[in-house]
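Enquirer: I am attaching a structure below and will ask some questions about it afterwards.
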Amino acid sequence: MPEPMDQTFADFADRTAGTFRAAPVEAVAVAVRRRRRTRRGALAALALAAVIAPLTLLSLGGRGETPPPVITPSTPAVTSPTGSPSPSPSPEAGPAVEVRPVQVPGVPPGFPPHLVFTDADHGWALLERCPADSTACVEDDCSQAGHTCAVVLARTEDGGRTWRRVTGVPSLDGKVINMYALDAQTITLHLIRERFLLTRDGGATFSSHRLSTPPKEALLADARAYGHEGYMVTCPGATGFEDGASGVECEREQLVKIGSGPVRPQPRLGGMPNSASSLHRGADGRFWLLTSPEREGGAMRIQLSEDGARTWRQVPVPAQASSFGLLLSPDGAEVWLTGDAQQLWRLVDRAWQRQADLPEESPPYQIVALGGGILLAANAAGVWRLQDGVFAQVPGLPEMSLNHLPDGTLRGYAIGSVWLSPGTGTAADRPWIKIQ
C-alpha cells in the first residue's frame with residue numbers, strides 16, 4: 001500500500017521497521033519495503049507519520065452483534081495539556097525502572113543493539129559496529145559507503161538479563177538487514193536486495209529464500225507486529241516486502257489471508273498512494289479496516305467484520321476529524337478514536353463521545369489503551385497517563401512508541417532502547433525494564 005512520504009520519514013521507517021515496530025501504521029511497513037534501511041534513529045522523524053499517514057489501529061477484542069456506533073455531539077470534560085504540560089501529580093520518583101544492558105559473551109563493547117521482543121522473556125538483538133572514523137558512516141550506511149560493518153545476531157530467553165550469540169547464521173557483515181521475529185524460536189532476516197534467512201529452531205540452523213518468495217513466517221511476523229494477525233492488505237502480485245524501485249502500486253488493494261490467498265468476497269478497499277487501507281485483526285477475531293479518502297476532501301472510512309471477514313459493515317466516524325486512529329483496550333471492552341488535531345473520542349453506549357484532548361504532538365502510534373478508561377500517550381516531554389478524564393505525566397519515562405505484545409507485556413521503543421512492562425493491568429506504578 002504505497003504512501004507518499006517525505007524522504008526523512010521514509011529513511012527513518014526503512015532503518016527501523018522490521019528491527020522494531022516503530023509505528024503501528026500500515027504505510028510505515030510499506031515505506032520499509034520500498035526503500036533501504038539505514039538504521040539512524042530519531043523519534044522526531046516518527047512524528048511525521050501522524051501528519052503524512054495517520055491511519056492506525058491497535059489490538060482489539062470484544063464480540064457481539066452490537067449495532068454500529070452513532071455520532072453524538074459532546075463536550076470534552078477536561079482540557080488536556082498543550083504546549084509545555086504541567087507537572088504530574090504522580091509520585092516524584094515515578095515507576096521502578098530496571099536497566100539491563102545488552103552484553104553478549106565474546107562481543108566487545110561498541111556494538112549498538114537493535115532489538116525486537118516477542119514476549120516478556122524472548123528477544124533478538126542485531127549488534128552492528130561500523131568504522132568509527134568514517135564520515136560516510138555517519139552520513140549514510142557504511143555498506144553503501146563502501147565499508148564493511150561487523151554484525152552479530154544474539155538472543156535472550158530471560159527478558160534481556162543474559163544474551164547468547166546465534167552461531168548458526170551465515171555471515172551478516174556488510175549487510176543491510178531487517179528482522180521479523182515471529183516467536184522465541186522463529187526469526188527471518190531480510191538481507192535487503194539479496195535474500196531471506198529463516199530459522200525455526202532458535203538460530204541453530206538457517207534456510208535461504210529468494211526475494212521473490214519470502215518465507216510465510218516473515219509475513220506472519222510482520223502481520224502480527226502491525227496488529228493484523230494472519231492477514232495483510234496488499235496489491236495483487238506483491239510479495240509484501242518490495243523495496244526501492246520494486247514498490248507496487250495498484251488501483252485497488254486486496255485483503256489476503258497469509259498462506260491461503262485473497263479472501264472472498266473482498267471488502268471495499270483503497271488503492272494507489274492516497275487511498276491506502278490499514279487492517280487490524282482483534283484478539284476476538286474481528287477485523288477493522290481504515291481507508292483514507294479516495295479524493296481530496298473525501299471522508300475516511302472504517303469497516304468492521306465480525307464473522308471472519310465474510311461480511312463487512314461501515315462504522316460511522318466523527319465528522320470533526322479528517323484523519324484518525326483507532327485504539328482498543330487489550331480485552332476489547334473499550335474503543336477510542338484519535339483525530340488529527342489531538343482530538344480523542346471514546347465509544348460509550350454506541351456513541352462516540354468527545355474526551356479530553358491528547359497531549360500536544362502525541363501521534364497515534366505513541367498511544368496505547370490499557371483498559372479501565374486509562375490511556376498512555378507519549379510526546380516529546382515523555383509519557384502521559386489519562387485517568388478519570390485527566391492527563392498527568394508519568395515521571396521517569398521518555399518519549400516512546402507503545403504497543404502490547406501477545407502475552408500482554410507493554411512495550412515501548414525509545415531512541416537507543418526498548419522498554420518492557422510485563423504483565424497486564426492499568427496501575428500507574430507498574431514496573432518497567434529498560435534494555436539497551
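In the C-alpha cells, each chain is lettered A, B, ... as it comes, each chain's residues begin at 1, and ligands are numbered from 1 in order of appearance.
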Select from stretch 91-300 of chain A everything DSSP, run on the backbone, classes as strand (DSSP E or B), then give the selection as a VMD selection string.
Expert: chain A and resid 97 to 100 113 to 117 123 to 129 150 to 156 164 to 165 177 to 181 187 to 191 195 to 199 207 to 209 231 to 234 254 to 257 261 to 262 277 to 281 287 to 291
Enquirer: Which polymer residues have any atom within 6 Å of an atom of stretch 222-233 of chain A, counting only C-alpha atoms, with same-chain residues fewer than 4 positions away left out, as a PyMOL selection string?
Expert: chain A and resi 24+59+254-258+279-281
Enquirer: Give me, please, the distance in Å between atom CA of A:Ala381 and atom CA of A:Glu399, quoted to one decimal.
Expert: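 Distance reported for this atom pair: 6.6 Å.
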Enquirer: Mind checking which residues fall within 8 Å of A:Pro398, counting only C-alpha atoms, ignoring those fewer than 6 positions away in the same chain, and posting them as a tab-separated table (two decimals) with N, CA, C and O atoms, in the first residue's frame?
Expert:
chain	number	residue	atom	x	y	z
A	378	ALA	N	2.42	9.34	24.55
A	378	ALA	CA	3.77	9.89	24.63
A	378	ALA	C	3.94	11.06	23.68
A	378	ALA	O	3.35	11.09	22.60
A	380	ALA	N	7.08	14.60	23.08
A	380	ALA	CA	8.48	14.95	23.31
A	380	ALA	C	8.80	15.15	24.79
A	380	ALA	O	9.96	15.03	25.20
A	381	ALA	N	7.78	15.44	25.60
A	381	ALA	CA	8.01	15.66	27.03
A	381	ALA	C	8.07	14.36	27.83
A	381	ALA	O	8.52	14.36	28.98
A	382	GLY	N	7.64	13.26	27.25
A	382	GLY	CA	7.63	11.99	27.96
A	382	GLY	C	6.32	11.24	27.76
A	382	GLY	O	5.69	11.33	26.71
A	383	VAL	N	5.90	10.51	28.79
A	383	VAL	CA	4.70	9.69	28.74
A	383	VAL	C	3.64	10.26	29.67
A	383	VAL	O	3.94	10.65	30.81
A	414	ALA	N	12.09	3.59	22.49
A	414	ALA	CA	12.65	4.93	22.58
A	414	ALA	C	13.96	4.93	21.81
A	414	ALA	O	14.41	3.88	21.32
Enquirer: Near A:Pro105, counting only C-alpha atoms, which residues have an atom at most 9 Å away, once you skip same-chain residues fewer than 6 positions from it, shown as a list in words?
Expert: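 Non-adjacent residues within range: Trp163, Arg164 and Arg165 of chain A.
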Enquirer: So how far away is atom CA of A:Glu194 from atom CA of A:Leu211, in Å?
Expert: 6.8 Å
Enquirer: Out of A:Gln387, A:Gln393, A:Ser292, A:Asn178, which residue has the shortest atom-to-atom distance to A:Phe241 when counting only C-alpha atoms?
Expert: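 Of all the options, A:Asn178 lies closest to A:Phe241.
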Enquirer: Counting only C-alpha atoms, what is within 9 Å of A:Arg385, bar same-chain residues fewer than 5 positions away, as an NGL selection string?
Expert: :A and (374-378 or 390-394 or 428)
Enquirer: Enter the distance from atom CA of A:Gly94 to atom CA of A:Arg430, in Å, rounded to one decimal.
Expert: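 That distance, rounded to one decimal, is 9.6 Å.
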Enquirer: Of the residues A:Thr409, A:Gln103, A:Thr426, A:Ser207, which is the one nearest to A:Ala120, using only C-alpha atoms?
Expert: A:Thr409
Enquirer: Extract, using only C-alpha atoms, all DNA, RNA and protein residues at most 8 Å from A:Ala204, discarding same-chain residues fewer than 6 positions from it, and format them as a PyMOL selection string.
Expert: chain A and resi 166-169
Enquirer: May I have the selected residues written with all heavy atoms, as a tab-separated table (two decimals), in the first residue's frame?
Expert:
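Once written, again10.tsv looks like this:
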chain	number	residue	atom	x	y	z
A	166	VAL	N	24.05	-16.03	18.38
A	166	VAL	CA	23.49	-17.03	17.47
A	166	VAL	C	24.59	-17.41	16.50
A	166	VAL	O	25.07	-16.58	15.72
A	166	VAL	CB	22.27	-16.46	16.73
A	166	VAL	CG1	21.76	-17.46	15.69
A	166	VAL	CG2	21.17	-16.11	17.72
A	167	THR	N	24.99	-18.68	16.54
A	167	THR	CA	26.15	-19.12	15.77
A	167	THR	C	25.78	-19.80	14.46
A	167	THR	O	26.63	-20.00	13.59
A	167	THR	CB	27.01	-20.08	16.60
A	167	THR	OG1	26.20	-21.20	17.02
A	167	THR	CG2	27.55	-19.37	17.84
A	168	GLY	N	24.52	-20.17	14.29
A	168	GLY	CA	24.14	-20.89	13.08
A	168	GLY	C	23.87	-20.02	11.88
A	168	GLY	O	23.61	-20.54	10.78
A	169	VAL	N	23.94	-18.72	12.05
A	169	VAL	CA	23.61	-17.81	10.96
A	169	VAL	C	24.83	-17.57	10.07
A	169	VAL	O	25.96	-17.46	10.57
A	169	VAL	CB	23.07	-16.47	11.52
A	169	VAL	CG1	24.13	-15.74	12.32
A	169	VAL	CG2	22.51	-15.60	10.41
Enquirer: Using only C-alpha atoms for the distances, tell me which of A:Lys175, A:Leu198, A:Ala96, A:Ala238 is nearest to A:Cys130.
Expert: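 Comparing A:Lys175, A:Leu198, A:Ala96, A:Ala238 against A:Cys130, the winner is A:Lys175.
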